[in-house]
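K.L.:
Please find start.pdb (PDB, C-alpha atoms, pLDDT in the B column) on the next line:
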ATOM      1  CA  MET A 306      68.191  69.989 -31.900  1.00 48.00           C
ATOM      2  CA  GLU A 307      66.451  70.681 -35.219  1.00 43.00           C
ATOM      3  CA  ILE A 308      64.843  67.211 -35.144  1.00 45.00           C
ATOM      4  CA  LYS A 309      63.447  67.857 -31.660  1.00 44.00           C
ATOM      5  CA  ASN A 310      62.052  71.216 -32.728  1.00 44.00           C
ATOM      6  CA  ALA A 311      60.495  69.659 -35.826  1.00 44.00           C
ATOM      7  CA  THR A 312      58.947  66.873 -33.749  1.00 49.00           C
ATOM      8  CA  ARG A 313      57.602  69.379 -31.212  1.00 47.00           C
ATOM      9  CA  PHE A 314      56.172  71.509 -34.017  1.00 43.00           C
ATOM     10  CA  ALA A 315      54.487  68.444 -35.573  1.00 46.00           C
ATOM     11  CA  VAL A 316      52.948  67.455 -32.233  1.00 44.00           C
ATOM     12  CA  LEU A 317      51.649  70.987 -31.601  1.00 44.00           C
ATOM     13  CA  THR A 318      50.245  71.133 -35.141  1.00 47.00           C
ATOM     14  CA  ALA A 319      48.434  67.836 -34.606  1.00 48.00           C
ATOM     15  CA  LEU A 320      47.054  69.074 -31.274  1.00 47.00           C
ATOM     16  CA  VAL A 321      45.801  72.301 -32.859  1.00 43.00           C
ATOM     17  CA  TRP A 322      44.158  70.328 -35.653  1.00 46.00           C
ATOM     18  CA  LEU A 323      42.446  68.002 -33.173  1.00 47.00           C
ATOM     19  CA  ILE A 324      41.289  70.934 -31.046  1.00 47.00           C
ATOM     20  CA  CYS A 325      39.828  72.680 -34.102  1.00 45.00           C
ATOM     21  CA  ALA A 326      38.119  69.471 -35.127  1.00 43.00           C
ATOM     22  CA  CYS A 327      36.622  69.082 -31.661  1.00 45.00           C
ATOM     23  CA  ASP A 328      35.455  72.707 -31.701  1.00 43.00           C
ATOM     24  CA  GLN A 329      33.834  72.273 -35.100  1.00 39.00           C
ATOM     25  CA  TRP A 330      32.115  69.119 -33.900  1.00 43.00           C
ATOM     26  CA  ARG A 331      30.856  70.888 -30.801  1.00 42.00           C
ATOM     27  CA  PHE A 332      29.495  73.895 -32.704  1.00 38.00           C
ATOM     28  CA  ALA A 333      27.829  71.582 -35.230  1.00 41.00           C
ATOM     29  CA  GLN A 334      25.442  70.502 -32.484  1.00 59.00           C
ATOM     30  CA  ALA A 335      23.624  73.872 -32.662  1.00 75.00           C
ATOM     31  CA  ILE A 336      20.641  73.600 -35.022  1.00 86.00           C
ATOM     32  CA  TRP A 337      17.836  75.839 -36.244  1.00 89.00           C
ATOM     33  CA  LEU A 338      14.206  74.712 -36.086  1.00 89.00           C
ATOM     34  CA  ASN A 339      11.431  76.414 -38.041  1.00 89.00           C
ATOM     35  CA  ILE A 340       8.289  76.298 -35.883  1.00 87.00           C
ATOM     36  CA  PRO A 341       5.007  76.087 -37.848  1.00 84.00           C
ATOM     37  CA  SER A 342       2.113  78.331 -36.838  1.00 79.00           C
ATOM     38  CA  SER A 343       0.070  75.229 -36.062  1.00 80.00           C
ATOM     39  CA  GLY A 344       1.699  71.978 -35.098  1.00 82.00           C
ATOM     40  CA  THR A 345       4.796  70.782 -33.319  1.00 88.00           C
ATOM     41  CA  LYS A 346       8.429  70.583 -34.331  1.00 90.00           C
ATOM     42  CA  CYS A 347      10.491  67.863 -32.659  1.00 92.00           C
ATOM     43  CA  VAL A 348      14.108  66.771 -32.676  1.00 91.00           C
ATOM     44  CA  SER A 349      15.445  63.522 -31.254  1.00 91.00           C
ATOM     45  CA  GLU A 350      18.769  61.889 -30.556  1.00 90.00           C
ATOM     46  CA  GLU A 351      19.656  58.344 -29.566  1.00 88.00           C
ATOM     47  CA  ILE A 352      21.638  58.528 -26.330  1.00 87.00           C
ATOM     48  CA  GLN A 353      22.996  55.766 -24.167  1.00 84.00           C
ATOM     49  CA  ASN A 354      22.548  55.401 -20.428  1.00 85.00           C
ATOM     50  CA  ASN A 355      24.280  57.662 -17.855  1.00 85.00           C
ATOM     51  CA  VAL A 356      25.096  60.546 -20.238  1.00 86.00           C
ATOM     52  CA  VAL A 357      24.863  64.241 -19.322  1.00 86.00           C
ATOM     53  CA  VAL A 358      22.696  66.312 -21.681  1.00 90.00           C
ATOM     54  CA  LEU A 359      22.721  70.121 -21.714  1.00 89.00           C
ATOM     55  CA  ALA A 360      20.737  72.310 -24.117  1.00 91.00           C
ATOM     56  CA  ASP A 361      20.096  76.024 -24.589  1.00 92.00           C
ATOM     57  CA  TYR A 362      17.353  77.431 -26.797  1.00 93.00           C
ATOM     58  CA  TYR A 363      16.026  80.840 -27.781  1.00 91.00           C
ATOM     59  CA  VAL A 364      13.350  82.160 -30.139  1.00 90.00           C
ATOM     60  CA  VAL A 365      14.103  84.264 -33.205  1.00 85.00           C
ATOM     61  CA  SER A 366      11.139  85.831 -35.002  1.00 75.00           C
ATOM     62  CA  GLU A 367      11.164  87.520 -38.401  1.00 69.00           C
ATOM     63  CA  ASP A 368       7.961  89.370 -37.556  1.00 65.00           C
ATOM     64  CA  ASP A 369       8.364  93.134 -37.053  1.00 60.00           C
ATOM     65  CA  SER A 370       5.810  93.283 -34.249  1.00 59.00           C
ATOM     66  CA  SER A 371       7.020  94.462 -30.872  1.00 61.00           C
ATOM     67  CA  GLN A 372       5.570  91.438 -29.058  1.00 70.00           C
ATOM     68  CA  GLU A 373       7.926  88.507 -29.322  1.00 76.00           C
ATOM     69  CA  PRO A 374       6.186  85.139 -29.801  1.00 84.00           C
ATOM     70  CA  THR A 375       6.452  82.570 -27.024  1.00 88.00           C
ATOM     71  CA  ILE A 376       6.789  78.831 -27.296  1.00 91.00           C
ATOM     72  CA  SER A 377       6.269  75.713 -25.223  1.00 93.00           C
ATOM     73  CA  VAL A 378       8.973  73.125 -24.769  1.00 94.00           C
ATOM     74  CA  LYS A 379       8.717  69.508 -23.693  1.00 95.00           C
ATOM     75  CA  VAL A 380      11.496  66.916 -23.400  1.00 95.00           C
ATOM     76  CA  THR A 381      10.657  63.238 -22.927  1.00 94.00           C
ATOM     77  CA  SER A 382      12.656  60.053 -22.388  1.00 93.00           C
ATOM     78  CA  PRO A 383      12.458  56.912 -24.565  1.00 93.00           C
ATOM     79  CA  TYR A 384       9.738  55.515 -22.251  1.00 91.00           C
ATOM     80  CA  GLY A 385       7.693  58.735 -22.295  1.00 90.00           C
ATOM     81  CA  ASN A 386       8.819  60.170 -18.964  1.00 91.00           C
ATOM     82  CA  LYS A 387       8.642  63.981 -18.890  1.00 93.00           C
ATOM     83  CA  LEU A 388      12.099  65.433 -18.216  1.00 93.00           C
ATOM     84  CA  TYR A 389      11.402  69.106 -18.937  1.00 94.00           C
ATOM     85  CA  HIS A 390       8.308  71.178 -19.681  1.00 94.00           C
ATOM     86  CA  LYS A 391       7.981  74.961 -20.008  1.00 93.00           C
ATOM     87  CA  GLU A 392       5.252  77.184 -21.443  1.00 91.00           C
ATOM     88  CA  ASN A 393       5.195  80.833 -22.592  1.00 90.00           C
ATOM     89  CA  VAL A 394       8.967  81.195 -22.852  1.00 91.00           C
ATOM     90  CA  THR A 395      11.295  82.821 -25.366  1.00 91.00           C
ATOM     91  CA  HIS A 396      14.503  81.207 -24.148  1.00 92.00           C
ATOM     92  CA  GLY A 397      15.692  78.709 -21.594  1.00 93.00           C
ATOM     93  CA  GLN A 398      17.971  75.841 -20.708  1.00 92.00           C
ATOM     94  CA  PHE A 399      17.435  72.235 -19.687  1.00 92.00           C
ATOM     95  CA  ALA A 400      19.867  69.660 -18.379  1.00 90.00           C
ATOM     96  CA  PHE A 401      19.528  66.071 -17.256  1.00 91.00           C
ATOM     97  CA  THR A 402      21.407  62.798 -16.944  1.00 90.00           C
ATOM     98  CA  THR A 403      19.999  59.918 -18.937  1.00 91.00           C
ATOM     99  CA  HIS A 404      18.783  56.840 -17.065  1.00 90.00           C
ATOM    100  CA  GLU A 405      17.461  55.019 -20.117  1.00 88.00           C
ATOM    101  CA  ALA A 406      19.114  54.194 -23.417  1.00 86.00           C
ATOM    102  CA  GLY A 407      17.165  55.219 -26.513  1.00 88.00           C
ATOM    103  CA  ASN A 408      15.733  58.217 -28.394  1.00 92.00           C
ATOM    104  CA  TYR A 409      15.261  61.391 -26.334  1.00 94.00           C
ATOM    105  CA  LEU A 410      12.704  63.756 -27.851  1.00 94.00           C
ATOM    106  CA  ALA A 411      12.514  67.562 -27.564  1.00 94.00           C
ATOM    107  CA  CYS A 412       9.357  69.195 -28.981  1.00 94.00           C
ATOM    108  CA  PHE A 413       8.595  72.885 -29.580  1.00 94.00           C
ATOM    109  CA  TRP A 414       5.327  74.606 -30.493  1.00 92.00           C
ATOM    110  CA  LEU A 415       3.897  78.124 -30.534  1.00 89.00           C
ATOM    111  CA  ASP A 416       1.677  79.345 -27.708  1.00 83.00           C
ATOM    112  CA  GLY A 417      -1.741  80.921 -28.270  1.00 73.00           C
ATOM    113  CA  ASN A 418      -3.793  81.398 -31.408  1.00 56.00           C
ATOM    114  CA  LYS A 419      -2.207  84.659 -32.609  1.00 59.00           C
ATOM    115  CA  LYS A 420      -1.020  84.718 -36.202  1.00 61.00           C
ATOM    116  CA  VAL A 421       2.684  85.417 -36.355  1.00 66.00           C
ATOM    117  CA  GLY A 422       5.311  85.290 -39.063  1.00 66.00           C
ATOM    118  CA  ASP A 423       8.085  82.774 -39.392  1.00 69.00           C
ATOM    119  CA  VAL A 424       9.462  81.724 -36.016  1.00 84.00           C
ATOM    120  CA  SER A 425      12.750  79.896 -35.579  1.00 88.00           C
ATOM    121  CA  VAL A 426      14.335  78.319 -32.536  1.00 91.00           C
ATOM    122  CA  ASN A 427      18.073  78.015 -32.101  1.00 92.00           C
ATOM    123  CA  LEU A 428      18.810  74.822 -30.168  1.00 93.00           C
ATOM    124  CA  ASP A 429      22.314  74.168 -28.855  1.00 90.00           C
ATOM    125  CA  TRP A 430      22.119  70.472 -27.905  1.00 89.00           C
ATOM    126  CA  ARG A 431      25.211  69.061 -26.207  1.00 87.00           C
ATOM    127  CA  THR A 432      25.821  65.601 -24.803  1.00 85.00           C
ATOM    128  CA  GLY A 433      28.612  63.837 -22.976  1.00 78.00           C
ATOM    129  CA  ILE A 434      31.989  65.515 -23.150  1.00 75.00           C
ATOM    130  CA  ALA A 435      30.575  68.564 -24.981  1.00 74.00           C
ATOM    131  CA  ALA A 436      28.248  69.292 -22.042  1.00 71.00           C
ATOM    132  CA  LYS A 437      31.030  69.330 -19.476  1.00 72.00           C
ATOM    133  CA  ASP A 438      31.886  72.629 -17.776  1.00 68.00           C
ATOM    134  CA  TRP A 439      35.566  72.869 -18.606  1.00 68.00           C
ATOM    135  CA  GLU A 440      35.964  76.289 -16.986  1.00 71.00           C
ATOM    136  CA  SER A 441      35.056  74.793 -13.611  1.00 71.00           C
ATOM    137  CA  VAL A 442      37.423  71.880 -14.237  1.00 67.00           C
ATOM    138  CA  ALA A 443      40.253  74.266 -15.105  1.00 72.00           C
ATOM    139  CA  LYS A 444      39.682  76.346 -11.964  1.00 74.00           C
ATOM    140  CA  LYS A 445      39.346  73.291  -9.743  1.00 74.00           C
ATOM    141  CA  GLU A 446      42.434  71.476 -11.022  1.00 73.00           C
ATOM    142  CA  LYS A 447      44.373  74.697 -11.770  1.00 74.00           C
ATOM    143  CA  ILE A 448      45.184  73.809 -15.359  1.00 74.00           C
ATOM    144  CA  GLU A 449      45.165  75.940 -18.484  1.00 73.00           C
ATOM    145  CA  GLY A 450      46.467  76.201 -22.025  1.00 76.00           C
ATOM    146  CA  VAL A 451      47.718  73.048 -23.688  1.00 76.00           C
ATOM    147  CA  GLU A 452      47.164  70.982 -20.543  1.00 77.00           C
ATOM    148  CA  LEU A 453      43.466  71.911 -20.519  1.00 73.00           C
ATOM    149  CA  GLU A 454      43.138  71.085 -24.208  1.00 78.00           C
ATOM    150  CA  LEU A 455      44.803  67.734 -23.574  1.00 80.00           C
ATOM    151  CA  ARG A 456      42.237  67.037 -20.872  1.00 76.00           C
ATOM    152  CA  LYS A 457      39.492  67.854 -23.364  1.00 76.00           C
ATOM    153  CA  LEU A 458      41.020  65.486 -25.895  1.00 81.00           C
ATOM    154  CA  GLU A 459      41.331  62.801 -23.220  1.00 80.00           C
ATOM    155  CA  GLY A 460      37.667  63.228 -22.395  1.00 77.00           C
ATOM    156  CA  ALA A 461      36.781  63.064 -26.105  1.00 78.00           C
ATOM    157  CA  VAL A 462      38.759  59.833 -26.487  1.00 83.00           C
ATOM    158  CA  GLU A 463      36.997  58.337 -23.471  1.00 81.00           C
ATOM    159  CA  ALA A 464      33.623  59.354 -24.915  1.00 77.00           C
ATOM    160  CA  ILE A 465      34.490  57.772 -28.251  1.00 84.00           C
ATOM    161  CA  HIS A 466      35.602  54.600 -26.471  1.00 85.00           C
ATOM    162  CA  GLU A 467      32.329  54.463 -24.532  1.00 81.00           C
ATOM    163  CA  ASN A 468      30.369  54.975 -27.747  1.00 80.00           C
ATOM    164  CA  LEU A 469      32.289  52.157 -29.406  1.00 88.00           C
ATOM    165  CA  LEU A 470      31.515  49.843 -26.483  1.00 86.00           C
ATOM    166  CA  PHE A 471      27.861  50.893 -26.694  1.00 81.00           C
ATOM    167  CA  LEU A 472      27.785  50.172 -30.432  1.00 85.00           C
ATOM    168  CA  LYS A 473      29.483  46.831 -29.840  1.00 90.00           C
ATOM    169  CA  THR A 474      26.821  45.926 -27.268  1.00 86.00           C
ATOM    170  CA  ARG A 475      24.044  46.999 -29.637  1.00 84.00           C
ATOM    171  CA  GLU A 476      25.624  44.962 -32.429  1.00 92.00           C
ATOM    172  CA  ALA A 477      25.718  41.893 -30.164  1.00 93.00           C
ATOM    173  CA  GLU A 478      22.069  42.430 -29.239  1.00 90.00           C
ATOM    174  CA  MET A 479      21.063  42.811 -32.896  1.00 93.00           C
ATOM    175  CA  ARG A 480      23.045  39.706 -33.806  1.00 94.00           C
ATOM    176  CA  THR A 481      21.256  37.745 -31.072  1.00 94.00           C
ATOM    177  CA  VAL A 482      17.874  38.980 -32.285  1.00 93.00           C
ATOM    178  CA  SER A 483      18.799  38.116 -35.876  1.00 94.00           C
ATOM    179  CA  GLU A 484      19.926  34.612 -34.911  1.00 94.00           C
ATOM    180  CA  LYS A 485      16.725  34.022 -32.942  1.00 94.00           C
ATOM    181  CA  THR A 486      14.641  35.275 -35.860  1.00 94.00           C
ATOM    182  CA  ASN A 487      16.498  32.995 -38.287  1.00 94.00           C
ATOM    183  CA  THR A 488      15.971  30.044 -35.949  1.00 94.00           C
ATOM    184  CA  ARG A 489      12.248  30.765 -35.662  1.00 94.00           C
ATOM    185  CA  VAL A 490      11.909  31.133 -39.434  1.00 94.00           C
ATOM    186  CA  ALA A 491      13.723  27.829 -39.950  1.00 94.00           C
ATOM    187  CA  LEU A 492      11.476  26.081 -37.403  1.00 95.00           C
ATOM    188  CA  PHE A 493       8.382  27.602 -39.012  1.00 95.00           C
ATOM    189  CA  SER A 494       9.562  26.411 -42.438  1.00 95.00           C
ATOM    190  CA  ILE A 495      10.132  22.896 -41.117  1.00 95.00           C
ATOM    191  CA  MET A 496       6.717  22.889 -39.435  1.00 95.00           C
ATOM    192  CA  SER A 497       5.080  24.170 -42.648  1.00 95.00           C
ATOM    193  CA  LEU A 498       6.820  21.463 -44.655  1.00 94.00           C
ATOM    194  CA  GLY A 499       5.725  18.830 -42.122  1.00 94.00           C
ATOM    195  CA  VAL A 500       2.125  20.052 -42.287  1.00 94.00           C
ATOM    196  CA  CYS A 501       2.187  19.957 -46.096  1.00 95.00           C
ATOM    197  CA  ILE A 502       3.580  16.406 -46.122  1.00 95.00           C
ATOM    198  CA  THR A 503       1.000  15.275 -43.538  1.00 94.00           C
ATOM    199  CA  VAL A 504      -1.893  16.848 -45.479  1.00 93.00           C
ATOM    200  CA  SER A 505      -0.630  15.299 -48.721  1.00 93.00           C
ATOM    201  CA  ALA A 506      -0.383  11.853 -47.082  1.00 93.00           C
ATOM    202  CA  LEU A 507      -3.929  12.167 -45.670  1.00 93.00           C
ATOM    203  CA  GLN A 508      -5.239  13.222 -49.088  1.00 92.00           C
ATOM    204  CA  LEU A 509      -3.589  10.213 -50.731  1.00 92.00           C
ATOM    205  CA  LEU A 510      -5.002   7.911 -48.049  1.00 91.00           C
ATOM    206  CA  TYR A 511      -8.477   9.386 -48.485  1.00 90.00           C
ATOM    207  CA  LEU A 512      -8.340   9.080 -52.276  1.00 89.00           C
ATOM    208  CA  LYS A 513      -7.124   5.490 -51.998  1.00 86.00           C
ATOM    209  CA  GLN A 514     -10.006   4.551 -49.694  1.00 87.00           C
ATOM    210  CA  TYR A 515     -12.463   6.433 -51.945  1.00 84.00           C
ATOM    211  CA  PHE A 516     -11.322   4.588 -55.062  1.00 84.00           C
ATOM    212  CA  ARG A 517     -11.512   1.249 -53.241  1.00 83.00           C
ATOM    213  CA  LYS A 518     -15.065   1.946 -52.158  1.00 83.00           C
ATOM    214  CA  LYS A 519     -15.952   2.813 -55.748  1.00 77.00           C
ATOM    215  CA  LYS A 520     -14.100  -0.363 -56.832  1.00 74.00           C
ATOM    216  CA  LEU A 521     -11.951   1.651 -59.145  1.00 72.00           C
ATOM    217  CA  ILE A 522      -8.759  -0.001 -57.878  1.00 66.00           C
TER
END
Produce structure tokens that represent the structure in this file.
P.N.:
Amino acid sequence: MEIKNATRFAVLTALVWLICACDQWRFAQAIWLNIPSSGTKCVSEEIQNNVVVLADYYVVSEDDSSQEPTISVKVTSPYGNKLYHKENVTHGQFAFTTHEAGNYLACFWLDGNKKVGDVSVNLDWRTGIAAKDWESVAKKEKIEGVELELRKLEGAVEAIHENLLFLKTREAEMRTVSEKTNTRVALFSIMSLGVCITVSALQLLYLKQYFRKKKLI
């Protein structure tokens, strides 16, 4: 009986540790961006195909003026397609599902020409399993407590597995590119060596004919 209780306690401890780790990882996705008075501040992330992205942002100004500064936001795909664009806003949310693998770019800049103090933007950028609405899942499937946390962990494991497959595919692609590059370099080296040998042979032939004409040999 004591062994069973100890085993159960160890399992629950491991689950709590994993849940805390997942929570810390999720909260670590929130970042602060300092927006310059002139210019653009961008953040990017490499995301694979068919991944849900959800982000919330809001402006925090250290200026004491009553008028809160507004910003413009633009999100683009790896091929430059505009996914989200808003102007004169202080907060907002954007969500989309990726259809291209690559770097997704979110840019922020201040609106107007008014001089303001330091302006920061809090961006909570979530992808994949972190962007899933677990409250709706819990209500739909009528699960809660440890069972819900287990579902979250299952989703996290699936996301990690998908990322590993993605990295494996990228590694295979990079290996193919590397092998092709090595083959081309080897062929270029052989061609360069052949050209050098041919030019050297022609030079020797020319010098031999020249010396014969001059009756030096």
K.L.:
How far is it from atom CA of Ala400 of chain A to atom CA of His466 of chain A, in Å with one decimal?
P.N.:
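Value for the atom CA of Ala400 of chain A-atom CA of His466 of chain A distance: 23.2 Å.
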K.L.:
Which residues come within 10 Å of Thr402 of chain A, counting all atoms listed in the file, excluding same-chain residues fewer than 4 positions away, as a list of chain:residue names?
P.N.:
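What passes the distance filter is A:Asn354, A:Asn355, A:Val356, A:Val357, A:Val358, A:Leu359, A:Leu388, A:Thr432, A:Gly433.
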K.L.:
Looking at A:Arg456, A:Arg431, A:Lys346, A:Lys513, which one is nearest to Leu415 of chain A, with distances taken over all atoms listed in the file?
P.N.:
A:Lys346
K.L.:
Hey, can you check how far atom CA of Tyr384 of chain A sits from atom CA of Glu405 of chain A?
P.N.:
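Between atom CA of Tyr384 of chain A and atom CA of Glu405 of chain A the gap works out to 8.0 Å.
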K.L.:
Which distance in Å separates atom CA of Ile340 of chain A and atom CA of Ser425 of chain A, to one decimal?
P.N.:
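Atom CA of Ser425 of chain A lies 5.7 Å from atom CA of Ile340 of chain A.
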K.L.:
Suppose a student applies the PyMOL selection byres ((chain A and resi 352) around 8) to this structure; what residues should they get, written as a list in words?
P.N.:
Glu350, Glu351, Gln353, Asn354, Val356, Thr403, Ala406, Gly407, Asn408 and Tyr409 of chain A
K.L.:
Contacts of Asn427 of chain A at 6 Å or less, counting only C-alpha atoms, minus same-chain residues fewer than 6 places along, as a PDB file with C-alpha atoms, keeping the file's coordinate frame?
P.N.:
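Writing the result to selection-v3.pdb gives the following:
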ATOM      1  CA  ILE A 336      20.641  73.600 -35.022  1.00 86.00           C
ATOM      2  CA  TRP A 337      17.836  75.839 -36.244  1.00 89.00           C
ATOM      3  CA  TYR A 362      17.353  77.431 -26.797  1.00 93.00           C
ATOM      4  CA  TYR A 363      16.026  80.840 -27.781  1.00 91.00           C
TER       5      TYR A 363
END
K.L.:
From the set A:Ile434, A:Val490, A:Leu510, A:Ser441, which residue has the shortest atom-to-atom contact distance to Asn468 of chain A, counting all atoms listed in the file?
P.N.:
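Distance minimum relative to Asn468 of chain A lands on A:Ile434.
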K.L.:
Name the closest residue to Ser377 of chain A among the candidates A:Ala411, A:Val365, A:Leu453, A:Ala360; distances are taken between atoms, counting all atoms listed in the file.
P.N.:
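Answer, going by the shortest atom-to-atom distance: A:Ala411.
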K.L.:
Applied to this file, what does the PyMOL selection byres ((chain A and resi 390) around 10) return in terms of residues, put as a VMD selection string?
P.N.:
chain A and resid 377 to 381 387 to 389 391 to 392 399 411 to 412
K.L.:
Counting only C-alpha atoms, select every polymer residue within 7 Å of (4.7, 79.6, -32.8) as defined in the file's coordinates, and provide the selection as a list in words.
P.N.:
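Returned residue set, sorted by chain then number, is Ile340, Pro341, Ser342, Pro374, Thr375, Ile376, Trp414, Leu415, Asp416 and Val424 of chain A.
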K.L.:
Between A:Ile495, A:Val504, A:Asp361, A:Ser366, which has the minimum distance to Ala436 of chain A (counting all atoms listed in the file)?
P.N.:
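When distances to Ala436 of chain A are compared using all atoms listed in the file, the smallest one comes from A:Asp361.
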